[in-house]
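Below is one structure, written out as structure tokens; comments come after it.
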Amino acid sequence: MSIILQDKFFGCICGCHIGSAMGAPVEGMTYEEIDRKYGYVDGYLPYQHYGNGWDREPGTTEDGVERQKLMISAIIEKEGRVTAEDVRTAWNKYANPNAGGWVSEPFEGVLLKMAKTGIPATDLGRYCDYAGLNSFARACHPIGLINAGNVEGAKEDILQVGQLYQTTNSRGLKWACVTGVAIAEGTKPGATVDSVIGAIFDHCDPDVVVKEIDEQLKKAAGCSDIFQLRQHFDSIYSGFGMPYPFSYANEVVTKGVVIFKMVHGNTKEAILAGVNMGRDTDCVAAVAGGIAGALSGSESIPADWISQLDYATSINPHTNSKRTLKENADGVYHAFKKMLKRQQAYIQQMDID
């Protein structure tokens, strides 16, 4: 059955936001710790972050989604593709001043203060200490969506907008290209799991990115299910003892792509696999679920997952936006349609066949 483009947008946003909210309570735990405490996680849990004593309603999203919401606001306002300056404007206009230390990482508060100065937006990432992290790779889904079907455009915008968070051509941005390219490819009519992975191989850095993903896809082919896969990954990615030890983009994005392949692009199963993977569960689920949603849409996602997340957002005093999942997805989708109409009008104006 053909999936309409609007539902691919919705599936992508749901996959990211639901994966983030479901994975956040077990973030940083090993898969053994998750098993001992919760068993196999298949729903939302309450949780705290940053040691601030705030008991979050089950379904509450976290810092990566807050980052993404500001990109969505910029896209909705511009009604098309955005630059780093456009997103910086959205930071200054829509960022909740109470978000820092509640739903955003402390370093983002510093970047927001700098964004209010005259520093060029593309210079801000130079002042972030974490150039190899998944800060942008796990949040850049709207950049892929506004470039639906335009893989090269998605890559171009990821490398440009991402400089708000990371240095030019850093490893973090090269890995973020995977997320954007996969989503742009997945939205195409007739796209498949293999065509999405093929686009990653064709358009992403061959030495930094493709080599590692290819190696892990081949090794994971011997795993029959998610339980074997997470054991395999623990033998590959096991760093501790440094800031954000489980949040480097190569680990998170590689896991996301391999999960996407293993579950055959099913959005619900991609979310659950990421949530139960251990380590940076919310980010892995956001990447895997977002890519799967862009390909397969929202049909597999339980309705109560959507309604509970929307409720949690509605009572969140620290969020950058209280838009529902549908409002976020439709906002980007309608911006995409308006952008295409402007392009069509320009073609007609210039009398080009």
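Starting from 1 in every chain, residues are counted up; chains themselves are A, B, ... following the order of the structure tokens, and ligands are numbered from 1 as listed.
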Residues within 10 Å of segment 205-211 of chain A, only C-alpha atoms, excluding chain neighbours under 2 positions, as a PyMOL selection string: chain A and resi 171+174-178+197+200-203+213-216+249-250+253-254
Could the residues in this selection be saved with N, CA, C and O atoms as a PDB file, in the first residue's frame?
ATOM      1  N   ARG A 171      33.142  15.761  12.525  1.00  0.00           N
ATOM      2  CA  ARG A 171      32.599  14.414  12.450  1.00  0.00           C
ATOM      3  C   ARG A 171      31.115  14.407  12.829  1.00  0.00           C
ATOM      4  O   ARG A 171      30.327  13.664  12.248  1.00  0.00           O
ATOM      5  N   LYS A 174      29.169  15.338   9.780  1.00  0.00           N
ATOM      6  CA  LYS A 174      29.216  14.297   8.752  1.00  0.00           C
ATOM      7  C   LYS A 174      28.282  13.146   9.107  1.00  0.00           C
ATOM      8  O   LYS A 174      27.639  12.564   8.229  1.00  0.00           O
ATOM      9  N   TRP A 175      28.187  12.837  10.393  1.00  0.00           N
ATOM     10  CA  TRP A 175      27.248  11.791  10.814  1.00  0.00           C
ATOM     11  C   TRP A 175      25.809  12.299  10.767  1.00  0.00           C
ATOM     12  O   TRP A 175      24.887  11.531  10.484  1.00  0.00           O
ATOM     13  N   ALA A 176      25.603  13.573  11.022  1.00  0.00           N
ATOM     14  CA  ALA A 176      24.253  14.137  10.917  1.00  0.00           C
ATOM     15  C   ALA A 176      23.731  14.040   9.489  1.00  0.00           C
ATOM     16  O   ALA A 176      22.521  13.891   9.268  1.00  0.00           O
ATOM     17  N   CYS A 177      24.636  14.091   8.506  1.00  0.00           N
ATOM     18  CA  CYS A 177      24.214  13.950   7.111  1.00  0.00           C
ATOM     19  C   CYS A 177      23.488  12.630   6.886  1.00  0.00           C
ATOM     20  O   CYS A 177      22.586  12.547   6.038  1.00  0.00           O
ATOM     21  N   VAL A 178      23.856  11.588   7.634  1.00  0.00           N
ATOM     22  CA  VAL A 178      23.200  10.298   7.482  1.00  0.00           C
ATOM     23  C   VAL A 178      21.709  10.433   7.784  1.00  0.00           C
ATOM     24  O   VAL A 178      20.859   9.957   7.028  1.00  0.00           O
ATOM     25  N   ILE A 197      19.394   3.033   2.536  1.00  0.00           N
ATOM     26  CA  ILE A 197      20.787   2.721   2.880  1.00  0.00           C
ATOM     27  C   ILE A 197      21.702   3.003   1.693  1.00  0.00           C
ATOM     28  O   ILE A 197      22.826   3.508   1.855  1.00  0.00           O
ATOM     29  N   ILE A 200      22.546   6.658   1.683  1.00  0.00           N
ATOM     30  CA  ILE A 200      23.577   6.952   2.690  1.00  0.00           C
ATOM     31  C   ILE A 200      24.962   6.625   2.121  1.00  0.00           C
ATOM     32  O   ILE A 200      25.901   7.423   2.227  1.00  0.00           O
ATOM     33  N   PHE A 201      25.084   5.465   1.511  1.00  0.00           N
ATOM     34  CA  PHE A 201      26.369   5.038   0.965  1.00  0.00           C
ATOM     35  C   PHE A 201      26.821   5.942  -0.184  1.00  0.00           C
ATOM     36  O   PHE A 201      28.017   6.201  -0.349  1.00  0.00           O
ATOM     37  N   ASP A 202      25.877   6.425  -0.974  1.00  0.00           N
ATOM     38  CA  ASP A 202      26.217   7.239  -2.136  1.00  0.00           C
ATOM     39  C   ASP A 202      26.550   8.685  -1.791  1.00  0.00           C
ATOM     40  O   ASP A 202      27.307   9.334  -2.528  1.00  0.00           O
ATOM     41  N   HIS A 203      25.982   9.196  -0.697  1.00  0.00           N
ATOM     42  CA  HIS A 203      26.067  10.638  -0.458  1.00  0.00           C
ATOM     43  C   HIS A 203      26.821  11.038   0.816  1.00  0.00           C
ATOM     44  O   HIS A 203      27.126  12.220   0.984  1.00  0.00           O
ATOM     45  N   ILE A 213      29.447   2.216   9.006  1.00  0.00           N
ATOM     46  CA  ILE A 213      28.092   1.677   8.858  1.00  0.00           C
ATOM     47  C   ILE A 213      28.120   0.368   8.083  1.00  0.00           C
ATOM     48  O   ILE A 213      27.461  -0.615   8.459  1.00  0.00           O
ATOM     49  N   ASP A 214      28.887   0.332   7.010  1.00  0.00           N
ATOM     50  CA  ASP A 214      28.978  -0.888   6.207  1.00  0.00           C
ATOM     51  C   ASP A 214      29.518  -2.052   7.029  1.00  0.00           C
ATOM     52  O   ASP A 214      28.985  -3.176   6.987  1.00  0.00           O
ATOM     53  N   GLU A 215      30.547  -1.790   7.797  1.00  0.00           N
ATOM     54  CA  GLU A 215      31.142  -2.839   8.632  1.00  0.00           C
ATOM     55  C   GLU A 215      30.131  -3.388   9.632  1.00  0.00           C
ATOM     56  O   GLU A 215      30.003  -4.606   9.814  1.00  0.00           O
ATOM     57  N   GLN A 216      29.375  -2.488  10.284  1.00  0.00           N
ATOM     58  CA  GLN A 216      28.426  -2.940  11.300  1.00  0.00           C
ATOM     59  C   GLN A 216      27.182  -3.585  10.684  1.00  0.00           C
ATOM     60  O   GLN A 216      26.603  -4.498  11.279  1.00  0.00           O
ATOM     61  N   ALA A 249      28.332  10.599  17.856  1.00  0.00           N
ATOM     62  CA  ALA A 249      27.432  10.447  16.717  1.00  0.00           C
ATOM     63  C   ALA A 249      27.671   9.153  15.954  1.00  0.00           C
ATOM     64  O   ALA A 249      26.721   8.546  15.445  1.00  0.00           O
ATOM     65  N   ASN A 250      28.918   8.722  15.857  1.00  0.00           N
ATOM     66  CA  ASN A 250      29.169   7.497  15.094  1.00  0.00           C
ATOM     67  C   ASN A 250      28.465   6.302  15.730  1.00  0.00           C
ATOM     68  O   ASN A 250      27.874   5.462  15.030  1.00  0.00           O
ATOM     69  N   VAL A 253      24.307   6.946  15.462  1.00  0.00           N
ATOM     70  CA  VAL A 253      23.764   6.875  14.102  1.00  0.00           C
ATOM     71  C   VAL A 253      23.961   5.482  13.508  1.00  0.00           C
ATOM     72  O   VAL A 253      23.053   4.950  12.851  1.00  0.00           O
ATOM     73  N   THR A 254      25.113   4.879  13.744  1.00  0.00           N
ATOM     74  CA  THR A 254      25.324   3.519  13.244  1.00  0.00           C
ATOM     75  C   THR A 254      24.292   2.562  13.821  1.00  0.00           C
ATOM     76  O   THR A 254      23.684   1.758  13.095  1.00  0.00           O
TER      77      THR A 254
END
Test item: residues at most 12 Å from Ala221 of chain A, only C-alpha atoms, excluding those fewer than 5 positions along its chain, as number ranges by chain: A: 214-216, 226, 228-229, 232, 258-259, 261-263
Requested write-out: N, CA, C and O atoms of the selected residues, as a CSV table (one decimal), in the first residue's frame:
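In the end it all went to selection18.csv:
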chain,number,residue,atom,x,y,z
A,214,ASP,N,28.9,0.3,7.0
A,214,ASP,CA,29.0,-0.9,6.2
A,214,ASP,C,29.5,-2.1,7.0
A,214,ASP,O,29.0,-3.2,7.0
A,215,GLU,N,30.5,-1.8,7.8
A,215,GLU,CA,31.1,-2.8,8.6
A,215,GLU,C,30.1,-3.4,9.6
A,215,GLU,O,30.0,-4.6,9.8
A,216,GLN,N,29.4,-2.5,10.3
A,216,GLN,CA,28.4,-2.9,11.3
A,216,GLN,C,27.2,-3.6,10.7
A,216,GLN,O,26.6,-4.5,11.3
A,226,ILE,N,16.9,-8.2,18.1
A,226,ILE,CA,17.4,-7.1,18.9
A,226,ILE,C,18.3,-7.5,20.1
A,226,ILE,O,19.2,-6.8,20.5
A,228,GLN,N,20.2,-10.1,20.4
A,228,GLN,CA,21.6,-10.4,19.9
A,228,GLN,C,22.3,-9.2,19.4
A,228,GLN,O,23.5,-9.1,19.6
A,229,LEU,N,21.6,-8.3,18.8
A,229,LEU,CA,22.2,-7.1,18.3
A,229,LEU,C,22.8,-6.2,19.4
A,229,LEU,O,23.9,-5.7,19.3
A,232,HIS,N,26.0,-7.7,20.6
A,232,HIS,CA,27.0,-7.4,19.6
A,232,HIS,C,27.6,-5.9,19.8
A,232,HIS,O,28.8,-5.7,19.8
A,258,VAL,N,21.5,0.4,11.6
A,258,VAL,CA,21.4,-1.0,11.7
A,258,VAL,C,20.1,-1.5,12.2
A,258,VAL,O,19.5,-2.5,11.7
A,259,ILE,N,19.5,-0.8,13.2
A,259,ILE,CA,18.2,-1.1,13.7
A,259,ILE,C,17.1,-1.0,12.6
A,259,ILE,O,16.3,-1.8,12.4
A,261,LYS,N,17.5,-1.2,9.5
A,261,LYS,CA,17.6,-2.4,8.5
A,261,LYS,C,17.0,-3.6,9.2
A,261,LYS,O,16.3,-4.4,8.5
A,262,MET,N,17.3,-3.9,10.4
A,262,MET,CA,16.9,-5.2,11.1
A,262,MET,C,15.4,-5.2,11.2
A,262,MET,O,14.8,-6.3,11.0
A,263,VAL,N,14.7,-4.1,11.5
A,263,VAL,CA,13.2,-4.2,11.6
A,263,VAL,C,12.5,-3.9,10.3
A,263,VAL,O,11.3,-3.7,10.3
Enumerate as an mmCIF file with C-alpha atoms, in the first residue's frame all residues of segment 240-314 of chain A assigned to helix (DSSP H, G or I) by DSSP on the backbone, naming them with the chain letters and numbers the document uses.
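To be explicit, this is the file written out as part-v2.cif:
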data_model
loop_
_atom_site.group_PDB
_atom_site.id
_atom_site.type_symbol
_atom_site.label_atom_id
_atom_site.label_comp_id
_atom_site.auth_asym_id
_atom_site.auth_seq_id
_atom_site.Cartn_x
_atom_site.Cartn_y
_atom_site.Cartn_z
ATOM 1 C CA ALA A 249 27.432 10.447 16.717
ATOM 2 C CA ASN A 250 29.169 7.497 15.094
ATOM 3 C CA GLU A 251 27.808 5.109 17.739
ATOM 4 C CA VAL A 252 24.275 6.498 17.848
ATOM 5 C CA VAL A 253 23.764 6.875 14.102
ATOM 6 C CA THR A 254 25.324 3.519 13.244
ATOM 7 C CA LYS A 255 23.044 1.793 15.743
ATOM 8 C CA GLY A 256 20.066 3.685 14.334
ATOM 9 C CA VAL A 257 20.775 2.608 10.751
ATOM 10 C CA VAL A 258 21.415 -1.025 11.677
ATOM 11 C CA ILE A 259 18.173 -1.135 13.696
ATOM 12 C CA PHE A 260 16.289 0.424 10.769
ATOM 13 C CA LYS A 261 17.606 -2.375 8.548
ATOM 14 C CA MET A 262 16.893 -5.152 11.076
ATOM 15 C CA THR A 267 8.462 2.589 12.866
ATOM 16 C CA LYS A 268 7.151 1.062 16.093
ATOM 17 C CA GLU A 269 9.735 -1.724 16.150
ATOM 18 C CA ALA A 270 12.551 0.732 15.405
ATOM 19 C CA ILE A 271 11.517 2.832 18.410
ATOM 20 C CA LEU A 272 11.344 -0.157 20.757
ATOM 21 C CA ALA A 273 14.666 -1.552 19.576
ATOM 22 C CA GLY A 274 16.377 1.780 20.235
ATOM 23 C CA VAL A 275 14.768 2.168 23.643
ATOM 24 C CA THR A 281 18.624 5.002 24.264
ATOM 25 C CA ASP A 282 16.629 8.146 23.551
ATOM 26 C CA CYS A 283 18.934 9.291 20.767
ATOM 27 C CA VAL A 284 19.237 5.866 19.142
ATOM 28 C CA ALA A 285 15.449 5.491 19.210
ATOM 29 C CA ALA A 286 15.037 8.998 17.771
ATOM 30 C CA VAL A 287 17.366 8.253 14.849
ATOM 31 C CA ALA A 288 16.043 4.753 14.113
ATOM 32 C CA GLY A 289 12.390 5.721 14.627
ATOM 33 C CA GLY A 290 12.683 8.936 12.639
ATOM 34 C CA ILE A 291 14.275 7.294 9.613
ATOM 35 C CA ALA A 292 11.762 4.430 9.755
ATOM 36 C CA GLY A 293 8.849 6.868 10.053
ATOM 37 C CA ALA A 294 10.001 8.811 6.988
ATOM 38 C CA LEU A 295 9.859 5.580 5.008
ATOM 39 C CA SER A 296 6.900 3.730 6.538
ATOM 40 C CA ALA A 303 -2.611 5.796 19.110
ATOM 41 C CA ASP A 304 -2.108 5.995 22.878
ATOM 42 C CA TRP A 305 1.600 6.647 22.388
ATOM 43 C CA ILE A 306 0.677 9.722 20.356
ATOM 44 C CA SER A 307 -2.048 11.014 22.693
ATOM 45 C CA GLN A 308 0.047 10.572 25.849
ATOM 46 C CA LEU A 309 3.007 12.410 24.376
ATOM 47 C CA ASP A 310 0.758 15.262 23.284
ATOM 48 C CA TYR A 311 -0.684 15.435 26.801
ATOM 49 C CA ALA A 312 2.778 15.483 28.399
ATOM 50 C CA THR A 313 3.786 18.295 26.053
ATOM 51 C CA SER A 314 0.679 20.298 26.931
#
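Atom CA of Cys128 of chain A is found 23.7 Å from atom CA of Ile75 of chain A.
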For Leu340 of chain A: contacts at 12 Å, only C-alpha atoms, fewer than 2 positions along chain excluded, given as a ChimeraX atom specification: /A:79-81,146-150,333-338,342-347
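For the choices A:Asn98, A:Thr179, A:Gln348, A:Gln48, the atom-to-atom distance to Ala21 of chain A is smallest for A:Gln48 when using only C-alpha atoms.
Remark: for Glu85 of chain A, the closest of the candidate residues A:Pro142, A:Gly118, A:Gly278, A:Gly153 is A:Gly118 (distances computed over only C-alpha atoms).
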All residues 9 Å or closer to segment 38-42 of chain A, only C-alpha atoms, same chain fewer than 4 positions away omitted, as a ChimeraX atom specification: /A:22-23,26,33-34,272,275-276
Output file for the residues above (C-alpha atoms, as a PDB file, in the first residue's frame):
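Okay, this is what ended up in selection-v7.pdb:
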ATOM      1  CA  MET A  22      10.317   6.531  25.704  1.00  0.00           C
ATOM      2  CA  GLY A  23      14.095   6.195  25.737  1.00  0.00           C
ATOM      3  CA  VAL A  26      16.545   4.529  30.640  1.00  0.00           C
ATOM      4  CA  GLU A  33      20.338  -2.707  33.879  1.00  0.00           C
ATOM      5  CA  ILE A  34      17.223  -1.970  31.817  1.00  0.00           C
ATOM      6  CA  LEU A 272      11.344  -0.157  20.757  1.00  0.00           C
ATOM      7  CA  VAL A 275      14.768   2.168  23.643  1.00  0.00           C
ATOM      8  CA  ASN A 276      15.975  -1.259  24.777  1.00  0.00           C
TER       9      ASN A 276
END
Atom pair atom CA of Gln68 of chain A / atom CA of Asn320 of chain A: separation (Å):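 The value is 9.5 Å.
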Atomic distance atom CA of Glu152 of chain A - atom CA of Val181 of chain A, expressed in Å with one decimal: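 Atom-to-atom, atom CA of Glu152 of chain A and atom CA of Val181 of chain A are spaced 7.6 Å apart.
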